[in-house]
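Pasting final30.txt here (compact mmCIF, C-alpha atoms):
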# COMPACT_ATOMS: atom_id res chain seq x y z
CA MET F 1 31.02 25.17 -23.49
CA PRO F 2 30.54 24.05 -19.85
CA ARG F 3 27.31 26.07 -19.74
CA LEU F 4 26.04 24.31 -22.86
CA SER F 5 26.87 20.92 -21.34
CA ALA F 6 25.01 21.82 -18.16
CA LEU F 7 22.02 23.01 -20.17
CA ALA F 8 21.99 19.80 -22.20
CA ALA F 9 22.14 17.72 -19.05
CA ALA F 10 19.26 19.69 -17.52
CA LEU F 11 17.16 19.23 -20.66
CA THR F 12 17.89 15.51 -20.69
CA THR F 13 16.79 15.21 -17.05
CA LEU F 14 13.61 17.21 -17.72
CA LEU F 15 12.70 15.14 -20.79
CA GLY F 16 13.35 11.93 -18.87
CA ALA F 17 11.10 13.04 -16.02
CA THR F 18 8.39 14.07 -18.49
CA SER F 19 8.56 10.70 -20.25
CA LEU F 20 8.35 8.86 -16.92
CA ALA F 21 5.32 10.90 -15.86
CA ALA F 22 3.62 10.20 -19.18
CA ALA F 23 4.33 6.48 -18.88
CA ASP F 24 2.73 6.44 -15.42
CA SER F 25 -0.24 8.63 -16.32
CA ILE F 26 -3.50 7.57 -14.68
CA GLY F 27 -6.83 7.73 -16.45
CA SER F 28 -10.15 5.97 -16.94
CA VAL F 29 -11.72 3.70 -19.51
CA TYR F 30 -15.29 2.43 -19.44
CA THR F 31 -17.00 -0.85 -20.31
CA SER F 32 -20.53 -2.21 -20.02
CA ALA F 33 -21.81 -4.97 -17.74
CA ALA F 34 -25.38 -4.71 -19.06
CA ASP F 35 -27.05 -8.07 -19.64
CA LYS F 36 -27.24 -7.38 -23.40
CA ASP F 37 -23.47 -6.86 -23.53
CA CYS F 38 -22.62 -9.99 -21.55
CA ARG F 39 -22.93 -13.74 -22.11
CA LYS F 40 -25.08 -15.89 -19.85
CA VAL F 41 -23.09 -18.98 -18.89
CA SER F 42 -25.51 -20.56 -16.40
CA SER F 43 -28.90 -19.96 -14.83
CA LEU F 44 -31.40 -21.40 -12.39
CA LYS F 45 -35.07 -20.75 -13.05
CA LEU F 46 -37.94 -20.45 -10.59
CA ASP F 47 -41.50 -20.16 -11.92
CA GLY F 48 -40.11 -19.49 -15.37
CA ASP F 49 -37.85 -16.60 -14.36
CA ASP F 50 -34.15 -16.54 -13.57
CA TYR F 51 -33.65 -17.00 -9.83
CA ALA F 52 -29.88 -17.12 -10.27
CA ALA F 53 -27.62 -16.47 -13.23
CA GLU F 54 -23.95 -16.07 -14.04
CA ARG F 55 -22.86 -13.77 -16.87
CA THR F 56 -19.44 -12.92 -18.26
CA CYS F 57 -18.61 -9.52 -19.72
CA ARG F 58 -15.55 -8.13 -21.47
CA GLY F 59 -13.18 -5.91 -19.54
CA PRO F 60 -10.10 -4.06 -20.77
CA ALA F 61 -6.69 -5.65 -21.33
CA GLY F 62 -8.12 -9.17 -21.58
CA LEU F 63 -9.88 -9.11 -18.20
CA VAL F 64 -13.17 -10.97 -17.76
CA VAL F 65 -15.95 -9.57 -15.57
CA VAL F 66 -18.17 -12.20 -13.94
CA LYS F 67 -21.56 -11.02 -12.72
CA ASN F 68 -23.48 -13.41 -10.48
CA GLU F 69 -27.08 -12.76 -9.47
CA ASN F 70 -28.77 -14.90 -6.85
CA ASP F 71 -32.14 -14.08 -5.26
CA LEU F 72 -31.96 -10.40 -6.33
CA ARG F 73 -28.43 -9.98 -4.98
CA GLU F 74 -25.30 -9.54 -7.07
CA THR F 75 -21.58 -10.08 -6.81
CA ILE F 76 -19.00 -8.82 -9.29
CA THR F 77 -15.58 -10.34 -9.72
CA VAL F 78 -12.76 -10.09 -12.27
CA GLY F 79 -10.03 -12.37 -13.58
CA ARG F 80 -8.08 -13.47 -16.62
CA SER F 81 -10.72 -16.18 -17.10
CA THR F 82 -14.14 -17.04 -15.71
CA SER F 83 -12.73 -19.80 -13.52
CA ALA F 84 -10.01 -17.51 -12.16
CA ALA F 85 -12.53 -14.75 -11.43
CA ASP F 86 -14.79 -17.18 -9.55
CA LYS F 87 -11.92 -18.00 -7.18
CA GLU F 88 -11.22 -14.38 -6.22
CA PRO F 89 -12.35 -12.92 -2.86
CA ALA F 90 -14.65 -10.49 -4.71
CA ALA F 91 -16.73 -13.45 -5.90
CA SER F 92 -18.12 -13.83 -2.38
CA GLN F 93 -18.17 -10.18 -1.32
CA GLY F 94 -21.89 -9.46 -1.35
CA PHE F 95 -24.48 -7.69 0.78
CA GLY F 96 -27.50 -8.91 2.73
CA PRO F 97 -30.25 -6.63 1.40
CA PHE F 98 -31.47 -6.94 -2.18
CA ASN F 99 -28.98 -5.13 -4.39
CA SER F 100 -27.89 -4.57 -7.97
CA THR F 101 -25.14 -2.85 -9.90
CA THR F 102 -25.29 -0.28 -12.67
CA SER F 103 -24.15 -1.30 -16.14
CA THR F 104 -21.16 1.02 -16.47
CA ILE F 105 -17.80 0.02 -15.03
CA GLU F 106 -15.04 2.61 -14.71
CA TRP F 107 -11.53 1.19 -14.89
CA ARG F 108 -8.62 3.16 -13.49
CA THR F 109 -5.52 2.58 -15.57
CA SER F 110 -1.84 3.41 -15.31
CA ALA F 111 0.14 3.40 -18.55
CA GLY F 112 -2.87 1.71 -20.13
CA LYS F 113 -3.05 -1.15 -17.60
CA PRO F 114 -6.13 -1.39 -15.33
CA PHE F 115 -5.40 -1.58 -11.60
CA ALA F 116 -8.82 -0.82 -10.07
CA MET F 117 -12.48 -0.71 -11.02
CA ILE F 118 -15.31 1.50 -9.78
CA GLN F 119 -18.97 0.52 -9.99
CA ARG F 120 -22.18 1.96 -8.60
CA TRP F 121 -24.33 -0.32 -6.44
CA HIS F 122 -27.95 0.07 -5.35
CA ILE F 123 -28.73 -1.30 -1.87
CA ALA F 124 -32.36 -1.83 -0.83
CA ASP F 125 -33.25 -0.13 2.46
CA ASN F 126 -36.04 -2.16 4.05
CA ASP F 127 -36.47 0.45 6.77
CA ASP F 128 -37.28 3.19 4.23
CA PRO F 129 -40.13 1.99 2.01
CA GLU F 130 -41.68 3.74 -0.98
CA LYS F 131 -45.44 4.46 -1.01
CA ASN F 132 -45.94 1.11 -2.78
CA GLY F 133 -44.15 -0.68 0.04
CA ARG F 134 -40.99 -1.46 -1.88
CA PRO F 135 -37.72 -0.47 -0.19
CA LYS F 136 -35.99 2.64 -1.44
CA SER F 137 -32.65 2.12 -3.14
CA LYS F 138 -29.54 3.71 -1.61
CA GLN F 139 -26.47 4.17 -3.79
CA MET F 140 -22.79 3.71 -3.14
CA LEU F 141 -19.61 3.35 -5.20
CA VAL F 142 -17.44 0.27 -4.75
CA VAL F 143 -13.71 0.40 -5.48
CA THR F 144 -12.19 -3.00 -6.31
CA ARG F 145 -8.52 -3.84 -6.76
CA LEU F 146 -7.41 -5.92 -9.76
CA PRO F 147 -4.65 -8.36 -10.69
CA PRO F 148 -1.77 -8.82 -10.28
CA GLY F 149 -2.70 -10.05 -6.84
CA ALA F 150 -6.13 -10.80 -5.46
CA VAL F 151 -9.36 -9.10 -6.54
CA CYS F 152 -11.36 -7.65 -3.65
CA HIS F 153 -13.28 -4.63 -2.41
CA VAL F 154 -11.10 -1.76 -1.22
CA ALA F 155 -13.42 1.14 -0.43
CA TYR F 156 -17.07 2.20 -0.28
CA ILE F 157 -18.32 5.75 -0.92
CA ASP F 158 -21.89 6.75 -0.08
CA VAL F 159 -23.28 8.70 -3.04
CA ALA F 160 -25.99 10.66 -1.21
CA ALA F 161 -23.70 11.68 1.65
CA ASN F 162 -20.81 12.81 -0.58
CA PRO F 163 -21.50 15.26 -3.45
CA GLU F 164 -18.06 14.54 -4.94
CA ALA F 165 -18.45 10.76 -4.68
CA ASN F 166 -17.07 9.99 -8.14
CA GLU F 167 -13.88 11.97 -7.58
CA MET F 168 -13.50 10.47 -4.12
CA ALA F 169 -13.80 6.97 -5.58
CA ARG F 170 -11.13 7.72 -8.20
CA LYS F 171 -8.81 9.11 -5.53
CA ALA F 172 -9.35 6.03 -3.34
CA ALA F 173 -8.67 3.75 -6.31
CA ASP F 174 -5.50 5.62 -7.26
CA GLU F 175 -4.10 5.82 -3.74
CA LEU F 176 -5.26 2.59 -2.07
CA ALA F 177 -5.96 -0.17 -4.56
CA ARG F 178 -2.48 -1.18 -5.72
CA GLY F 179 -1.10 -1.49 -2.19
CA PHE F 180 -4.20 -3.11 -0.71
CA ASP F 181 -3.69 -6.56 0.83
CA CYS F 182 -6.93 -8.53 0.52
CA LYS F 183 -5.90 -10.92 3.31
CA THR F 184 -5.09 -8.36 5.99
CA ALA F 185 -6.52 -4.96 5.05
CA LYS F 186 -10.08 -3.87 5.84
CA VAL F 187 -12.49 -2.16 3.46
CA SER F 188 -12.63 1.59 4.14
CA VAL F 189 -15.65 3.87 4.08
CA ILE F 190 -14.35 6.99 2.36
CA GLY F 191 -15.80 10.40 3.17
CA THR F 192 -19.04 10.79 5.09
CA ASP F 193 -20.79 7.59 6.11
CA GLY F 194 -24.37 7.34 4.84
CA ARG F 195 -27.27 4.93 4.77
CA ALA F 196 -25.91 2.94 1.81
CA THR F 197 -22.48 2.37 3.34
CA ALA F 198 -24.06 1.62 6.73
CA LEU F 199 -26.24 -1.07 5.16
CA ALA F 200 -23.29 -2.46 3.23
CA MET F 201 -20.89 -2.64 6.17
CA ALA F 202 -23.50 -4.16 8.47
CA SER F 203 -24.46 -6.93 6.07
CA ARG F 204 -21.50 -7.68 3.82
CA ASN F 205 -20.20 -11.18 3.36
CA ILE F 206 -16.54 -11.49 4.27
CA PRO F 207 -14.82 -14.33 2.35
CA ASP F 208 -12.50 -16.80 4.01
CA LEU F 209 -9.16 -15.57 2.67
CA ALA F 210 -7.17 -18.21 4.49
CA ARG F 211 -8.26 -20.97 2.14
Whole structure, structure tokens version:
Amino acid sequence: MPRLSALAAALTTLLGATSLAAADSIGSVYTSAADKDCRKVSSLKLDGDDYAAERTCRGPAGLVVVKNENDLRETITVGRSTSAADKEPAASQGFGPFNSTTSTIEWRTSAGKPFAMIQRWHIADNDDPEKNGRPKSKQMLVVTRLPPGAVCHVAYIDVAANPEANEMARKAADELARGFDCKTAKVSVIGTDGRATALAMASRNIPDLAR
């Protein structure tokens, strides 16, 4: 009988640990930030074309993605509402060269709740022009932390310099985002530095987090 009791206790402990691991399982979901899948809430036209525009897109778990484009430069921020997202540090974390984001957003989730997002950015390299004179685009992945707490950039991964960039971005999101303090911590370049991350770090806008 004592052996049976010990076995039952061991099984209970194992099942409890398995349930806890399942509850804290980390995975990914994907949404679109393409213009056709978002709603334009404001715009400023120049010569008939949008010079600046703000769009809102649906994220998971009730989150709202706000995409701002101004003079061929973008910022991406997230919040429970458009007004909340616009007040986050990420709303002013941009880059000097012309840049744009890809449409797909990867959301890292724990027990179904998103805690970080990963998005691919294209940074124009004015020192490396195409044959037509336009700057070549250099790619990097941006890891951004999510509520609860502030929304801000956590890590940059240069795509060309790191063959496993996607996995590195997921690892950075899983290990760094939830404990990242937007007021005191600095954005990290993960893996090998490359041209995209060099351009980003040299020209990024750092918001005033003391406000």
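Between atom CA of Gly112 of chain F and atom CA of Tyr30 of chain F lies a distance of 12.5 Å.
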Query raised in the report: Got a sec: who's within 12 Å of Ala177 of chain F, counting only C-alpha atoms, leaving out chain neighbours fewer than 5 positions off, as a PyMOL selection string?
Result: chain F and resi 107-109+114-118+142-155+169-172+182+185-188
Query - Residues near segment 193-203 of chain F, cut-off 12 Å, only C-alpha atoms, skip fewer than 3 positions along chain, as a PyMOL selection string - result: chain F and resi 93-99+120-128+136-142+153+155-163+165+186-190+206
Print the selection's residues with C-alpha atoms to a file, as an mmCIF file, in the frame of the given file.
data_model
loop_
_atom_site.group_PDB
_atom_site.id
_atom_site.type_symbol
_atom_site.label_atom_id
_atom_site.label_comp_id
_atom_site.auth_asym_id
_atom_site.auth_seq_id
_atom_site.Cartn_x
_atom_site.Cartn_y
_atom_site.Cartn_z
ATOM 1 C CA GLN F 93 -18.170 -10.180 -1.320
ATOM 2 C CA GLY F 94 -21.890 -9.460 -1.350
ATOM 3 C CA PHE F 95 -24.480 -7.690 0.780
ATOM 4 C CA GLY F 96 -27.500 -8.910 2.730
ATOM 5 C CA PRO F 97 -30.250 -6.630 1.400
ATOM 6 C CA PHE F 98 -31.470 -6.940 -2.180
ATOM 7 C CA ASN F 99 -28.980 -5.130 -4.390
ATOM 8 C CA ARG F 120 -22.180 1.960 -8.600
ATOM 9 C CA TRP F 121 -24.330 -0.320 -6.440
ATOM 10 C CA HIS F 122 -27.950 0.070 -5.350
ATOM 11 C CA ILE F 123 -28.730 -1.300 -1.870
ATOM 12 C CA ALA F 124 -32.360 -1.830 -0.830
ATOM 13 C CA ASP F 125 -33.250 -0.130 2.460
ATOM 14 C CA ASN F 126 -36.040 -2.160 4.050
ATOM 15 C CA ASP F 127 -36.470 0.450 6.770
ATOM 16 C CA ASP F 128 -37.280 3.190 4.230
ATOM 17 C CA LYS F 136 -35.990 2.640 -1.440
ATOM 18 C CA SER F 137 -32.650 2.120 -3.140
ATOM 19 C CA LYS F 138 -29.540 3.710 -1.610
ATOM 20 C CA GLN F 139 -26.470 4.170 -3.790
ATOM 21 C CA MET F 140 -22.790 3.710 -3.140
ATOM 22 C CA LEU F 141 -19.610 3.350 -5.200
ATOM 23 C CA VAL F 142 -17.440 0.270 -4.750
ATOM 24 C CA HIS F 153 -13.280 -4.630 -2.410
ATOM 25 C CA ALA F 155 -13.420 1.140 -0.430
ATOM 26 C CA TYR F 156 -17.070 2.200 -0.280
ATOM 27 C CA ILE F 157 -18.320 5.750 -0.920
ATOM 28 C CA ASP F 158 -21.890 6.750 -0.080
ATOM 29 C CA VAL F 159 -23.280 8.700 -3.040
ATOM 30 C CA ALA F 160 -25.990 10.660 -1.210
ATOM 31 C CA ALA F 161 -23.700 11.680 1.650
ATOM 32 C CA ASN F 162 -20.810 12.810 -0.580
ATOM 33 C CA PRO F 163 -21.500 15.260 -3.450
ATOM 34 C CA ALA F 165 -18.450 10.760 -4.680
ATOM 35 C CA LYS F 186 -10.080 -3.870 5.840
ATOM 36 C CA VAL F 187 -12.490 -2.160 3.460
ATOM 37 C CA SER F 188 -12.630 1.590 4.140
ATOM 38 C CA VAL F 189 -15.650 3.870 4.080
ATOM 39 C CA ILE F 190 -14.350 6.990 2.360
ATOM 40 C CA ILE F 206 -16.540 -11.490 4.270
#
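Minimum atom-to-atom distances from F:Thr192, F:Pro135, F:Thr56, F:Ser103 to Ser81 of chain F were compared using only C-alpha atoms, and the lowest value belongs to F:Thr56.
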Query raised in the report: Quick one: distance from atom CA of Asn205 of chain F to atom CA of Arg55 of chain F in Å, one decimal?
Result: 20.6 Å
Query raised in the report: What is the atom CA of Asn68 of chain F to atom CA of Ala173 of chain F distance in Å?
Result: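 So the two atoms, atom CA of Asn68 of chain F and atom CA of Ala173 of chain F, lie 23.0 Å apart.
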Could you give me the axis-aligned bounding box of segment 161-165 of chain F, with 4 Å of padding per side, as centre plus edge lengths in Å to one decimal, as AutoDock Vina command-line options?
--center_x -20.9 --center_y 13.0 --center_z -1.6 --size_x 13.6 --size_y 12.5 --size_z 14.6
Quick one: residues within 12 Å of segment 33-39 of chain F, all atoms listed in the file, excluding same-chain residues fewer than 2 positions away - as a CSV table (one decimal) with C-alpha atoms, in the coordinates of the input?
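Full text of part.csv as output:
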chain,number,residue,atom,x,y,z
F,30,TYR,CA,-15.3,2.4,-19.4
F,31,THR,CA,-17.0,-0.8,-20.3
F,41,VAL,CA,-23.1,-19.0,-18.9
F,42,SER,CA,-25.5,-20.6,-16.4
F,43,SER,CA,-28.9,-20.0,-14.8
F,53,ALA,CA,-27.6,-16.5,-13.2
F,54,GLU,CA,-24.0,-16.1,-14.0
F,55,ARG,CA,-22.9,-13.8,-16.9
F,56,THR,CA,-19.4,-12.9,-18.3
F,57,CYS,CA,-18.6,-9.5,-19.7
F,58,ARG,CA,-15.6,-8.1,-21.5
F,59,GLY,CA,-13.2,-5.9,-19.5
F,64,VAL,CA,-13.2,-11.0,-17.8
F,65,VAL,CA,-16.0,-9.6,-15.6
F,66,VAL,CA,-18.2,-12.2,-13.9
F,67,LYS,CA,-21.6,-11.0,-12.7
F,68,ASN,CA,-23.5,-13.4,-10.5
F,69,GLU,CA,-27.1,-12.8,-9.5
F,76,ILE,CA,-19.0,-8.8,-9.3
F,77,THR,CA,-15.6,-10.3,-9.7
F,78,VAL,CA,-12.8,-10.1,-12.3
F,82,THR,CA,-14.1,-17.0,-15.7
F,100,SER,CA,-27.9,-4.6,-8.0
F,101,THR,CA,-25.1,-2.8,-9.9
F,102,THR,CA,-25.3,-0.3,-12.7
F,103,SER,CA,-24.2,-1.3,-16.1
F,104,THR,CA,-21.2,1.0,-16.5
F,105,ILE,CA,-17.8,0.0,-15.0
F,106,GLU,CA,-15.0,2.6,-14.7
F,119,GLN,CA,-19.0,0.5,-10.0
F,120,ARG,CA,-22.2,2.0,-8.6
